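Enquirer: Contents of data_1.txt (compact mmCIF, C-alpha atoms) are given next:
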```txt
# COMPACT_ATOMS: atom_id res chain seq x y z
CA MET A 1 -82.22 9.80 24.96
CA ARG A 2 -79.48 8.34 22.78
CA LEU A 3 -75.74 8.82 23.26
CA SER A 4 -75.62 11.56 20.61
CA GLU A 5 -78.21 13.65 22.45
CA LEU A 6 -76.48 13.06 25.79
CA SER A 7 -73.24 14.26 24.19
CA GLU A 8 -74.88 17.40 22.88
CA ARG A 9 -76.71 18.29 26.08
CA GLY A 10 -73.69 17.64 28.30
CA GLY A 11 -71.33 19.68 26.11
CA ALA A 12 -68.87 16.82 25.42
CA SER A 13 -68.06 14.94 22.21
CA VAL A 14 -69.43 11.42 21.62
CA ALA A 15 -65.88 10.05 21.91
CA THR A 16 -65.47 11.80 25.29
CA VAL A 17 -68.78 10.43 26.58
CA LYS A 18 -67.73 6.90 25.55
CA TYR A 19 -64.41 7.42 27.33
CA TYR A 20 -66.16 8.51 30.55
CA LEU A 21 -68.43 5.44 30.31
CA ARG A 22 -65.43 3.13 29.93
CA GLU A 23 -63.67 4.82 32.88
CA GLY A 24 -66.75 4.39 35.05
CA LEU A 25 -67.22 8.14 35.53
CA LEU A 26 -70.67 7.82 33.95
CA PRO A 27 -72.98 4.92 34.87
CA PRO A 28 -74.08 2.75 31.92
CA GLY A 29 -77.42 3.50 30.27
CA THR A 30 -80.31 1.05 29.92
CA PRO A 31 -79.66 -1.27 26.96
CA VAL A 32 -82.44 -1.09 24.33
CA THR A 33 -80.76 -3.11 21.57
CA ALA A 34 -77.47 -5.03 21.47
CA ARG A 35 -75.73 -1.87 20.31
CA GLN A 36 -77.75 1.00 21.80
CA SER A 37 -78.55 2.27 25.27
CA GLU A 38 -81.00 4.81 26.61
CA TYR A 39 -79.81 7.63 28.89
CA GLY A 40 -81.75 9.86 31.27
CA GLU A 41 -81.55 13.32 32.85
CA GLU A 42 -79.33 11.94 35.61
CA HIS A 43 -76.73 11.11 32.92
CA VAL A 44 -76.80 14.69 31.62
CA ARG A 45 -76.25 16.05 35.14
CA ARG A 46 -73.47 13.58 35.87
CA LEU A 47 -71.81 14.31 32.52
CA ARG A 48 -71.84 18.06 33.22
CA LEU A 49 -70.37 17.44 36.68
CA VAL A 50 -67.62 15.18 35.30
CA ARG A 51 -66.78 17.80 32.68
CA ALA A 52 -66.56 20.47 35.39
CA LEU A 53 -64.30 18.31 37.58
CA LEU A 54 -61.92 17.41 34.74
CA THR A 55 -61.95 20.44 32.45
CA VAL A 56 -62.65 23.34 34.78
CA GLY A 57 -61.23 21.80 37.96
CA GLY A 58 -58.22 20.24 36.24
CA MET A 59 -58.62 16.98 38.18
CA THR A 60 -57.15 13.64 37.15
CA ILE A 61 -59.54 10.76 36.32
CA GLN A 62 -58.69 9.22 39.69
CA GLN A 63 -59.44 12.44 41.61
CA ALA A 64 -62.76 12.76 39.80
CA ARG A 65 -63.54 9.12 40.71
CA ASP A 66 -62.80 9.88 44.36
CA VAL A 67 -65.13 12.88 44.30
CA LEU A 68 -67.91 10.84 42.68
CA ALA A 69 -67.45 8.01 45.20
CA VAL A 70 -68.21 10.46 48.02
CA ALA A 71 -71.11 11.93 46.03
CA ASP A 72 -72.65 8.46 45.66
CA ASP A 73 -72.07 7.34 49.25
CA PRO A 74 -75.23 7.75 51.34
CA ALA A 75 -73.07 8.08 54.46
CA PHE A 76 -72.15 11.61 53.42
CA GLY A 77 -74.31 14.72 53.52
CA ARG A 78 -74.42 17.70 51.19
CA HIS A 79 -71.70 19.63 53.07
CA GLU A 80 -69.19 16.81 52.69
CA ARG A 81 -70.15 16.07 49.10
CA ILE A 82 -69.71 19.64 47.91
CA GLY A 83 -66.68 19.97 50.19
CA ILE A 84 -64.83 17.00 48.68
CA ALA A 85 -65.19 18.56 45.22
CA GLN A 86 -63.59 21.76 46.51
CA TYR A 87 -60.88 19.90 48.46
CA MET A 88 -59.83 18.00 45.34
CA LEU A 89 -59.20 21.21 43.38
CA GLY A 90 -55.56 22.22 43.24
CA PRO A 91 -53.16 23.40 44.31
CA GLN A 92 -52.53 20.57 46.77
CA ILE A 93 -49.82 21.82 49.10
CA SER A 94 -48.06 19.56 51.61
CA PRO A 95 -46.14 20.64 54.71
CA PRO A 96 -42.35 20.31 54.44
CA ASP A 97 -40.92 16.96 55.51
CA PRO A 98 -40.37 16.79 59.31
CA ALA A 99 -36.60 16.66 58.65
CA ASP A 100 -36.73 19.83 56.57
CA PRO A 101 -35.33 22.88 58.43
CA GLU A 102 -38.33 24.87 57.12
CA ARG A 103 -40.74 22.63 59.01
CA ALA A 104 -40.57 24.51 62.33
CA LEU A 105 -41.50 27.76 60.59
CA TRP A 106 -44.33 26.00 58.73
CA ASP A 107 -45.73 24.64 61.99
CA GLU A 108 -45.56 28.09 63.54
CA VAL A 109 -47.37 29.82 60.63
CA PHE A 110 -49.92 26.99 60.39
CA ALA A 111 -50.73 27.33 64.10
CA GLU A 112 -51.05 31.07 63.74
CA MET A 113 -53.42 30.82 60.75
CA ARG A 114 -55.41 28.06 62.48
CA GLY A 115 -55.65 30.34 65.52
CA LEU A 116 -56.83 33.24 63.39
CA LEU A 117 -59.61 31.14 61.83
CA THR A 118 -60.72 29.97 65.27
CA GLU A 119 -60.65 33.53 66.60
CA MET A 120 -62.85 34.62 63.69
CA GLY A 121 -65.19 31.72 64.39
CA TRP A 122 -64.66 30.12 60.98
CA GLN A 123 -65.56 26.46 61.01
CA VAL A 124 -63.01 24.72 58.81
CA TYR A 125 -61.17 21.44 59.14
CA ASP A 126 -57.42 21.35 59.86
CA GLU A 127 -57.14 19.22 56.70
CA ALA A 128 -58.60 21.92 54.42
CA PRO A 129 -56.20 22.23 51.45
CA ALA A 130 -56.87 25.98 51.44
CA LEU A 131 -55.44 26.20 54.98
CA ALA A 132 -52.21 24.58 53.73
CA ALA A 133 -52.26 26.96 50.74
CA LEU A 134 -52.73 29.94 53.08
CA THR A 135 -49.86 28.72 55.29
CA ARG A 136 -47.53 28.34 52.31
CA ALA A 137 -48.41 31.79 50.95
CA VAL A 138 -47.86 33.54 54.30
CA LEU A 139 -44.62 31.58 54.80
CA THR A 140 -43.34 32.72 51.39
CA LEU A 141 -44.26 36.32 52.14
CA ARG A 142 -42.39 36.28 55.44
CA THR A 143 -39.38 34.34 54.16
CA LEU A 144 -38.91 37.07 51.56
CA GLY A 145 -39.03 39.65 54.34
CA TYR A 146 -42.46 41.17 53.67
CA ARG A 147 -45.13 42.07 56.18
CA GLY A 148 -47.83 39.41 56.56
CA GLY A 149 -49.11 39.53 60.12
CA ALA A 150 -52.33 37.93 61.31
CA ASP A 151 -53.98 41.39 61.59
CA HIS A 152 -53.21 42.01 57.95
CA ILE A 153 -54.54 38.61 56.84
CA ARG A 154 -57.65 39.17 58.91
CA ARG A 155 -58.51 42.30 56.95
CA TYR A 156 -58.58 40.19 53.76
CA ALA A 157 -60.63 37.52 55.48
CA ASP A 158 -63.20 40.10 56.56
CA VAL A 159 -63.57 41.19 52.93
CA MET A 160 -63.78 37.71 51.45
CA HIS A 161 -66.32 36.20 53.85
CA PRO A 162 -69.41 38.19 52.80
CA ILE A 163 -68.73 37.61 49.12
CA ALA A 164 -68.20 33.89 49.72
CA ALA A 165 -71.53 33.81 51.55
CA GLU A 166 -73.25 35.43 48.58
CA GLU A 167 -71.64 32.94 46.22
CA TYR A 168 -72.80 30.11 48.37
CA THR A 169 -76.43 31.08 48.06
CA VAL A 170 -76.15 30.48 44.28
CA ILE A 171 -74.76 27.02 44.98
CA GLU A 172 -77.44 26.25 47.56
CA GLU A 173 -80.17 27.27 45.12
CA CYS A 174 -79.32 24.19 43.01
CA PRO A 175 -81.82 21.57 44.22
CA VAL A 176 -80.02 18.58 42.72
CA LEU A 177 -76.77 17.61 44.42
CA GLU A 178 -74.79 17.11 41.21
CA GLU A 179 -75.76 20.56 40.00
CA ALA A 180 -74.66 22.06 43.30
CA MET A 181 -71.31 20.23 43.07
CA GLU A 182 -70.84 21.39 39.49
CA ALA A 183 -71.67 24.99 40.47
CA ALA A 184 -69.27 24.86 43.44
CA VAL A 185 -66.38 23.72 41.24
CA ALA A 186 -67.21 26.07 38.37
CA TYR A 187 -67.70 29.17 40.52
CA THR A 188 -64.69 28.48 42.72
CA VAL A 189 -62.31 28.04 39.79
CA LEU A 190 -63.73 30.38 37.14
CA TYR A 191 -64.16 33.41 39.39
CA GLU A 192 -60.60 33.25 40.73
CA PRO A 193 -59.00 34.94 37.68
CA ILE A 194 -61.86 37.47 37.64
CA LEU A 195 -61.20 38.43 41.24
CA LEU A 196 -57.45 38.79 40.65
CA ALA A 197 -57.88 40.79 37.43
CA LEU A 198 -60.27 43.20 39.18
CA ARG A 199 -57.80 43.71 42.02
CA ARG A 200 -55.05 44.66 39.56
CA LEU A 201 -57.38 46.97 37.64
CA ALA A 202 -58.37 48.60 40.93
CA HIS A 203 -54.67 49.13 41.74
CA GLU A 204 -54.24 50.92 38.42
CA ASP A 205 -57.25 53.13 39.05
CA VAL A 206 -56.13 54.00 42.60
CA SER A 207 -52.66 54.88 41.36
CA ALA A 208 -54.02 57.01 38.47
CA ARG A 209 -56.19 59.06 40.85
CA LEU A 210 -53.43 59.40 43.42
CA HIS A 211 -51.00 60.74 40.83
CA ARG A 212 -53.69 62.87 39.18
CA ILE A 213 -53.17 61.31 35.77
CA PRO A 214 -55.52 63.09 33.35
CA PRO A 215 -58.25 60.74 32.07
CA PRO A 216 -58.03 59.83 28.36
CA GLN A 217 -59.41 62.68 26.22
CA GLU A 218 -62.76 62.23 24.54
CA THR A 219 -62.43 63.01 20.85
CA PRO A 220 -64.52 66.08 19.87
CA LEU A 221 -66.73 63.86 17.71
CA SER A 222 -67.75 61.67 20.64
CA SER A 223 -68.68 64.65 22.85
CA PRO A 224 -72.35 65.48 23.09
CA MET B 1 -19.86 47.94 50.76
CA ARG B 2 -18.25 44.93 49.09
CA LEU B 3 -20.01 42.43 46.84
CA SER B 4 -20.39 39.93 49.69
CA GLU B 5 -22.27 42.44 51.85
CA LEU B 6 -24.43 43.49 48.90
CA SER B 7 -25.29 39.84 48.34
CA GLU B 8 -26.25 39.37 51.97
CA ARG B 9 -28.32 42.53 52.26
CA GLY B 10 -30.13 41.94 48.98
CA GLY B 11 -30.95 38.31 49.79
CA ALA B 12 -29.20 36.84 46.73
CA SER B 13 -26.10 34.66 46.44
CA VAL B 14 -22.79 36.15 45.29
CA ALA B 15 -23.06 34.13 42.05
CA THR B 16 -26.53 35.58 41.42
CA VAL B 17 -25.34 39.14 42.05
CA LYS B 18 -22.48 38.62 39.59
CA TYR B 19 -24.95 37.27 37.05
CA TYR B 20 -27.21 40.33 37.43
CA LEU B 21 -24.15 42.59 36.98
CA ARG B 22 -23.17 40.76 33.77
CA GLU B 23 -26.74 40.99 32.45
CA GLY B 24 -26.83 44.71 33.13
CA LEU B 25 -29.70 44.40 35.63
CA LEU B 26 -27.45 45.95 38.29
CA PRO B 27 -25.24 48.94 37.48
CA PRO B 28 -21.52 48.38 38.08
CA GLY B 29 -20.02 49.53 41.39
CA THR B 30 -17.19 52.01 41.75
CA PRO B 31 -13.83 50.22 41.20
CA VAL B 32 -11.52 50.47 44.22
CA THR B 33 -8.83 48.00 43.11
CA ALA B 34 -8.38 46.07 39.87
CA ARG B 35 -10.51 43.25 41.33
CA GLN B 36 -12.87 44.94 43.75
CA SER B 37 -15.70 47.45 43.52
CA GLU B 38 -17.64 49.39 46.07
CA TYR B 39 -21.44 49.29 46.13
CA GLY B 40 -23.95 51.65 47.73
CA GLU B 41 -27.48 51.64 49.12
CA GLU B 42 -28.85 52.17 45.60
CA HIS B 43 -27.37 48.80 44.65
CA VAL B 44 -29.12 47.09 47.55
CA ARG B 45 -32.48 48.61 46.53
CA ARG B 46 -31.95 47.75 42.87
CA LEU B 47 -30.90 44.19 43.79
CA ARG B 48 -34.04 43.71 45.89
CA LEU B 49 -36.19 45.04 43.05
CA VAL B 50 -34.53 42.75 40.49
CA ARG B 51 -35.04 39.79 42.81
CA ALA B 52 -38.72 40.69 43.19
CA LEU B 53 -39.21 41.03 39.41
CA LEU B 54 -37.53 37.72 38.59
CA THR B 55 -38.25 35.49 41.57
CA VAL B 56 -41.59 36.75 42.86
CA GLY B 57 -42.90 38.18 39.57
CA GLY B 58 -41.61 35.29 37.45
CA MET B 59 -40.34 37.67 34.75
CA THR B 60 -37.73 36.83 32.14
CA ILE B 61 -34.43 38.75 32.13
CA GLN B 62 -35.66 40.71 29.11
CA GLN B 63 -38.95 41.66 30.82
CA ALA B 64 -37.03 42.80 33.91
CA ARG B 65 -34.75 44.87 31.65
CA ASP B 66 -37.79 46.51 30.06
CA VAL B 67 -39.21 47.38 33.48
CA LEU B 68 -35.90 48.84 34.63
CA ALA B 69 -35.57 50.87 31.40
CA VAL B 70 -38.87 52.60 32.22
CA ALA B 71 -37.82 53.03 35.86
CA ASP B 72 -34.62 54.77 34.75
CA ASP B 73 -36.21 56.97 32.07
CA PRO B 74 -36.86 60.50 33.40
CA ALA B 75 -39.70 60.88 30.88
CA PHE B 76 -41.89 58.63 33.04
CA GLY B 77 -43.53 59.45 36.35
CA ARG B 78 -44.19 57.26 39.37
CA HIS B 79 -47.58 56.05 38.07
CA GLU B 80 -46.07 54.70 34.85
CA ARG B 81 -43.00 53.28 36.56
CA ILE B 82 -44.96 51.28 39.10
CA GLY B 83 -47.53 50.46 36.41
CA ILE B 84 -45.02 48.92 34.01
CA ALA B 85 -43.88 46.55 36.78
CA GLN B 86 -47.49 45.41 37.27
CA TYR B 87 -48.17 45.21 33.52
CA MET B 88 -45.19 42.92 33.01
CA LEU B 89 -46.45 40.39 35.56
CA GLY B 90 -48.17 37.38 34.02
CA PRO B 91 -50.46 36.09 32.77
CA GLN B 92 -50.12 37.95 29.46
CA ILE B 93 -53.31 37.17 27.55
CA SER B 94 -53.76 38.11 23.88
CA PRO B 95 -57.07 38.44 22.04
CA PRO B 96 -57.80 35.63 19.57
CA ASP B 97 -56.49 36.15 16.03
CA PRO B 98 -58.91 38.27 13.91
CA ALA B 99 -59.54 35.16 11.74
CA ASP B 100 -60.50 33.09 14.81
CA PRO B 101 -64.27 32.51 15.07
CA GLU B 102 -63.98 33.30 18.80
CA ARG B 103 -62.81 36.83 18.03
CA ALA B 104 -66.28 38.35 17.67
CA LEU B 105 -67.26 37.08 21.11
CA TRP B 106 -63.98 38.36 22.58
CA ASP B 107 -64.62 41.83 21.14
CA GLU B 108 -68.13 41.80 22.58
CA VAL B 109 -67.00 40.78 26.10
CA PHE B 110 -64.05 43.19 25.99
CA ALA B 111 -66.36 46.09 25.08
CA GLU B 112 -68.74 45.11 27.86
CA MET B 113 -65.97 44.96 30.49
CA ARG B 114 -64.47 48.22 29.19
CA GLY B 115 -67.92 49.78 29.48
CA LEU B 116 -68.33 48.49 33.02
CA LEU B 117 -65.01 50.03 34.09
CA THR B 118 -65.97 53.36 32.52
CA GLU B 119 -69.38 53.24 34.20
CA MET B 120 -67.69 52.65 37.55
CA GLY B 121 -65.32 55.54 36.84
CA TRP B 122 -62.20 53.37 36.98
CA GLN B 123 -59.32 54.99 35.16
CA VAL B 124 -57.44 52.19 33.42
CA TYR B 125 -55.87 51.92 30.00
CA ASP B 126 -57.39 49.71 27.29
CA GLU B 127 -53.98 48.02 27.12
CA ALA B 128 -54.03 46.89 30.78
CA PRO B 129 -53.12 43.16 30.77
CA ALA B 130 -55.62 42.67 33.62
CA LEU B 131 -58.42 43.87 31.31
CA ALA B 132 -57.45 41.17 28.81
CA ALA B 133 -57.30 38.65 31.67
CA LEU B 134 -60.75 39.73 32.87
CA THR B 135 -62.13 39.41 29.32
CA ARG B 136 -60.69 35.92 28.92
CA ALA B 137 -62.06 34.75 32.29
CA VAL B 138 -65.59 36.07 31.60
CA LEU B 139 -65.46 34.58 28.09
CA THR B 140 -64.55 31.16 29.51
CA LEU B 141 -67.32 31.37 32.09
CA ARG B 142 -69.93 32.16 29.45
CA THR B 143 -68.64 29.69 26.86
CA LEU B 144 -69.13 26.98 29.48
CA GLY B 145 -72.69 28.18 29.99
CA TYR B 146 -72.33 29.82 33.41
CA ARG B 147 -73.72 33.12 34.56
CA GLY B 148 -71.27 36.01 34.38
CA GLY B 149 -73.16 39.21 33.68
CA ALA B 150 -71.76 42.70 34.15
CA ASP B 151 -73.95 43.17 37.28
CA HIS B 152 -72.33 40.11 38.81
CA ILE B 153 -68.79 41.22 37.92
CA ARG B 154 -69.56 44.67 39.32
CA ARG B 155 -70.32 43.19 42.73
CA TYR B 156 -66.79 41.75 42.83
CA ALA B 157 -65.31 45.02 41.62
CA ASP B 158 -67.07 46.89 44.44
CA VAL B 159 -65.48 44.53 46.96
CA MET B 160 -61.97 44.61 45.49
CA HIS B 161 -61.62 48.38 45.06
CA PRO B 162 -61.46 49.43 48.73
CA ILE B 163 -58.96 46.69 49.55
CA ALA B 164 -56.82 47.67 46.55
CA ALA B 165 -56.91 51.28 47.78
CA GLU B 166 -55.69 50.14 51.21
CA GLU B 167 -52.91 48.11 49.63
CA TYR B 168 -51.87 51.09 47.59
CA THR B 169 -51.27 53.25 50.62
CA VAL B 170 -48.57 50.76 51.72
CA ILE B 171 -46.92 51.10 48.30
CA GLU B 172 -47.18 54.89 48.37
CA GLU B 173 -45.56 55.00 51.80
CA CYS B 174 -42.29 53.84 50.21
CA PRO B 175 -40.41 57.09 49.57
CA VAL B 176 -37.84 55.61 47.18
CA LEU B 177 -39.18 54.61 43.75
CA GLU B 178 -37.42 51.27 43.61
CA GLU B 179 -38.86 50.27 46.99
CA ALA B 180 -42.34 51.23 45.80
CA MET B 181 -41.89 49.16 42.63
CA GLU B 182 -40.63 46.21 44.66
CA ALA B 183 -43.58 46.49 47.05
CA ALA B 184 -46.06 46.72 44.16
CA VAL B 185 -44.75 43.52 42.59
CA ALA B 186 -44.41 41.66 45.87
CA TYR B 187 -47.83 42.59 47.24
CA THR B 188 -49.62 42.02 43.95
CA VAL B 189 -48.19 38.54 43.47
CA LEU B 190 -47.78 37.25 47.01
CA TYR B 191 -51.24 38.22 48.26
CA GLU B 192 -53.04 36.58 45.35
CA PRO B 193 -52.84 33.03 46.77
CA ILE B 194 -53.76 34.40 50.21
CA LEU B 195 -56.91 36.00 48.83
CA LEU B 196 -57.92 32.84 46.99
CA ALA B 197 -57.22 30.55 49.95
CA LEU B 198 -59.31 32.76 52.25
CA ARG B 199 -62.21 32.68 49.77
CA ARG B 200 -62.18 28.87 49.75
CA LEU B 201 -61.94 28.71 53.54
CA ALA B 202 -64.86 31.15 53.77
CA HIS B 203 -66.87 28.86 51.45
CA GLU B 204 -66.22 25.95 53.78
CA ASP B 205 -67.29 27.96 56.82
CA VAL B 206 -70.47 29.21 55.12
CA SER B 207 -71.39 25.68 54.07
CA ALA B 208 -70.70 24.26 57.54
CA ARG B 209 -72.99 26.83 59.18
CA LEU B 210 -75.70 26.40 56.55
CA HIS B 211 -75.76 22.64 57.04
CA ARG B 212 -75.47 22.97 60.82
CA ILE B 213 -72.36 20.81 60.98
CA PRO B 214 -71.40 20.50 64.67
CA PRO B 215 -68.08 22.21 65.43
CA PRO B 216 -65.20 19.88 66.31
CA GLN B 217 -65.52 18.70 69.94
CA GLU B 218 -63.15 20.07 72.51
CA THR B 219 -61.51 17.23 74.40
CA PRO B 220 -62.52 17.23 78.11
CA LEU B 221 -58.93 18.05 79.10
CA SER B 222 -58.94 21.29 77.14
CA SER B 223 -62.24 22.44 78.62
CA PRO B 224 -62.06 24.95 81.43
```
For the file at hand, write its structure as structure tokens.
Expert:
Amino acid sequence: MRLSELSERGGASVATVKYYLREGLLPPGTPVTARQSEYGEEHVRRLRLVRALLTVGGMTIQQARDVLAVADDPAFGRHERIGIAQYMLGPQISPPDPADPERALWDEVFAEMRGLLTEMGWQVYDEAPALAALTRAVLTLRTLGYRGGADHIRRYADVMHPIAAEEYTVIEECPVLEEAMEAAVAYTVLYEPILLALRRLAHEDVSARLHRIPPPQETPLSSP
Amino acid sequence: MRLSELSERGGASVATVKYYLREGLLPPGTPVTARQSEYGEEHVRRLRLVRALLTVGGMTIQQARDVLAVADDPAFGRHERIGIAQYMLGPQISPPDPADPERALWDEVFAEMRGLLTEMGWQVYDEAPALAALTRAVLTLRTLGYRGGADHIRRYADVMHPIAAEEYTVIEECPVLEEAMEAAVAYTVLYEPILLALRRLAHEDVSARLHRIPPPQETPLSSP
């Protein structure tokens, strides 16, 4: 296919596709004339993945390059390839500097969260950005004087695991690696606001029932 | 108590407390001399609530004032008072302008999500900011060509409702209104990153098991 068709099928403008080609995020096509190249299905898949990394995932060009380098390295398996795409999604949270007075508390909370994951039998690397994000969030909660014990966190973990497992089956159903990576990024990022909005709506519903707020009246015309 | 004790107990600097007093976010104390006032427990609770609205909730001074106006208005009950604090939390998402070509799609997704909530028996107002946020997130998902049907959203709703109900019991255990409002804001905001981090960690665990990644080796010294 020509560049214009690639652009249409990958959901990116011709100018954007040319930009990705120049930046090396898309491999060059096969030249057919001095001014035209031919592109294949692998270009469509790669283009869709690049779009997901940059637009949905909010990555920089360099972060996307790093993800693609792992994807193209035969030394890595599917777990690492999909994992690097998730690891490169923000927020990237670093521990406080060792000289920072907050560091001791960080180390304590990190160890506690790490211990909780081990106790639950979750197999995650110490370097997982989400473990740093969890540590920071629990640290903030406690610094402000709110309850955030491991037992409490565990209750949330127990709820999230089955749903994450269900989500993962969708990702694993993608036979081609690039499609699986794209799905992992898209589902991770795009379902986050959905999850949070539903939690807030559920709070409203629970509160309305608890306080016996009368449901909105049907107008007589809409009654059967 | 004096201003310095109020500052300490409310977790805000003396300068910040004075600023809140000037902005009318804290009611004045009872004057004891020309230069000193006496503050009570109600000031500590109000100070903690104001801090939660501004610092945790990220509200503007004007938004915090609007929340406090509802809290202090005897016409409103506990459901509305806690609700306004949640409604004022970001993100505030507006529907596209009626002239925007995206508007028809927005209206369609909004009606579908509204219908889903009604079908599930959730009692929430059409004006709930989280309903607009849910609409926007589902719209984005679909515009990018990903699956996001009502059946799929419902699965997430079924998971979030029981945990939201549990969270609400903590809020309802606060006998004083201002404490309940503070807890609602703090728990809503501070647990969001915890929930999202646990979902990503669960993804990593699910993937590791699926791909039979060997768990990290124990060093011989740490073995029994």
Enquirer: What is the CA of Ala128 in chain A-CA of Ser207 in chain B distance in Å, reported with one decimal?
Expert: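 Computing the Euclidean distance for CA of Ala128 in chain A and CA of Ser207 in chain B yields 13.3 Å.
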Enquirer: Please, which residues of chain B lie no more than 8 Å from chain A when the count uses all atoms listed in the file, and can they be set out as a VMD selection string?
Expert: chain B and resid 78 to 79 83 86 122 to 124 128 130 to 131 133 to 134 137 to 138 140 to 141 153 156 to 157 159 to 161 163 to 165 168 188 190 to 209 211 215
Enquirer: Could you write out that same residue set with C-alpha atoms as an mmCIF file, keeping the file's coordinate frame?
Expert:
```
data_model
loop_
_atom_site.group_PDB
_atom_site.id
_atom_site.type_symbol
_atom_site.label_atom_id
_atom_site.label_comp_id
_atom_site.auth_asym_id
_atom_site.auth_seq_id
_atom_site.Cartn_x
_atom_site.Cartn_y
_atom_site.Cartn_z
ATOM 1 C CA ARG B 78 -44.190 57.260 39.370
ATOM 2 C CA HIS B 79 -47.580 56.050 38.070
ATOM 3 C CA GLY B 83 -47.530 50.460 36.410
ATOM 4 C CA GLN B 86 -47.490 45.410 37.270
ATOM 5 C CA TRP B 122 -62.200 53.370 36.980
ATOM 6 C CA GLN B 123 -59.320 54.990 35.160
ATOM 7 C CA VAL B 124 -57.440 52.190 33.420
ATOM 8 C CA ALA B 128 -54.030 46.890 30.780
ATOM 9 C CA ALA B 130 -55.620 42.670 33.620
ATOM 10 C CA LEU B 131 -58.420 43.870 31.310
ATOM 11 C CA ALA B 133 -57.300 38.650 31.670
ATOM 12 C CA LEU B 134 -60.750 39.730 32.870
ATOM 13 C CA ALA B 137 -62.060 34.750 32.290
ATOM 14 C CA VAL B 138 -65.590 36.070 31.600
ATOM 15 C CA THR B 140 -64.550 31.160 29.510
ATOM 16 C CA LEU B 141 -67.320 31.370 32.090
ATOM 17 C CA ILE B 153 -68.790 41.220 37.920
ATOM 18 C CA TYR B 156 -66.790 41.750 42.830
ATOM 19 C CA ALA B 157 -65.310 45.020 41.620
ATOM 20 C CA VAL B 159 -65.480 44.530 46.960
ATOM 21 C CA MET B 160 -61.970 44.610 45.490
ATOM 22 C CA HIS B 161 -61.620 48.380 45.060
ATOM 23 C CA ILE B 163 -58.960 46.690 49.550
ATOM 24 C CA ALA B 164 -56.820 47.670 46.550
ATOM 25 C CA ALA B 165 -56.910 51.280 47.780
ATOM 26 C CA TYR B 168 -51.870 51.090 47.590
ATOM 27 C CA THR B 188 -49.620 42.020 43.950
ATOM 28 C CA LEU B 190 -47.780 37.250 47.010
ATOM 29 C CA TYR B 191 -51.240 38.220 48.260
ATOM 30 C CA GLU B 192 -53.040 36.580 45.350
ATOM 31 C CA PRO B 193 -52.840 33.030 46.770
ATOM 32 C CA ILE B 194 -53.760 34.400 50.210
ATOM 33 C CA LEU B 195 -56.910 36.000 48.830
ATOM 34 C CA LEU B 196 -57.920 32.840 46.990
ATOM 35 C CA ALA B 197 -57.220 30.550 49.950
ATOM 36 C CA LEU B 198 -59.310 32.760 52.250
ATOM 37 C CA ARG B 199 -62.210 32.680 49.770
ATOM 38 C CA ARG B 200 -62.180 28.870 49.750
ATOM 39 C CA LEU B 201 -61.940 28.710 53.540
ATOM 40 C CA ALA B 202 -64.860 31.150 53.770
ATOM 41 C CA HIS B 203 -66.870 28.860 51.450
ATOM 42 C CA GLU B 204 -66.220 25.950 53.780
ATOM 43 C CA ASP B 205 -67.290 27.960 56.820
ATOM 44 C CA VAL B 206 -70.470 29.210 55.120
ATOM 45 C CA SER B 207 -71.390 25.680 54.070
ATOM 46 C CA ALA B 208 -70.700 24.260 57.540
ATOM 47 C CA ARG B 209 -72.990 26.830 59.180
ATOM 48 C CA HIS B 211 -75.760 22.640 57.040
ATOM 49 C CA PRO B 215 -68.080 22.210 65.430
#
```
Enquirer: Between CA of Met59 in chain A and CA of Gly40 in chain A, measure the distance and give it in Å to one decimal.
Expert: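 Interatomic distance, CA of Met59 in chain A to CA of Gly40 in chain A: 25.2 Å.
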Enquirer: Enclose the full set of atoms of range 1-7 of chain A listed in the file within a box whose edges lie along x, y and z, apply 3 Å of padding to each of the six sides, and report centre and edge lengths in Å to one decimal as lines of an AutoDock Vina configuration file.
Expert:
```
center_x = -77.7
center_y = 11.3
center_z = 23.2
size_x = 15.0
size_y = 11.9
size_z = 11.2
```
Enquirer: What gap, in Å, lies between CA of Met1 in chain B and CA of Met181 in chain B?
Expert: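 Separation between CA of Met1 in chain B and CA of Met181 in chain B: 23.5 Å.
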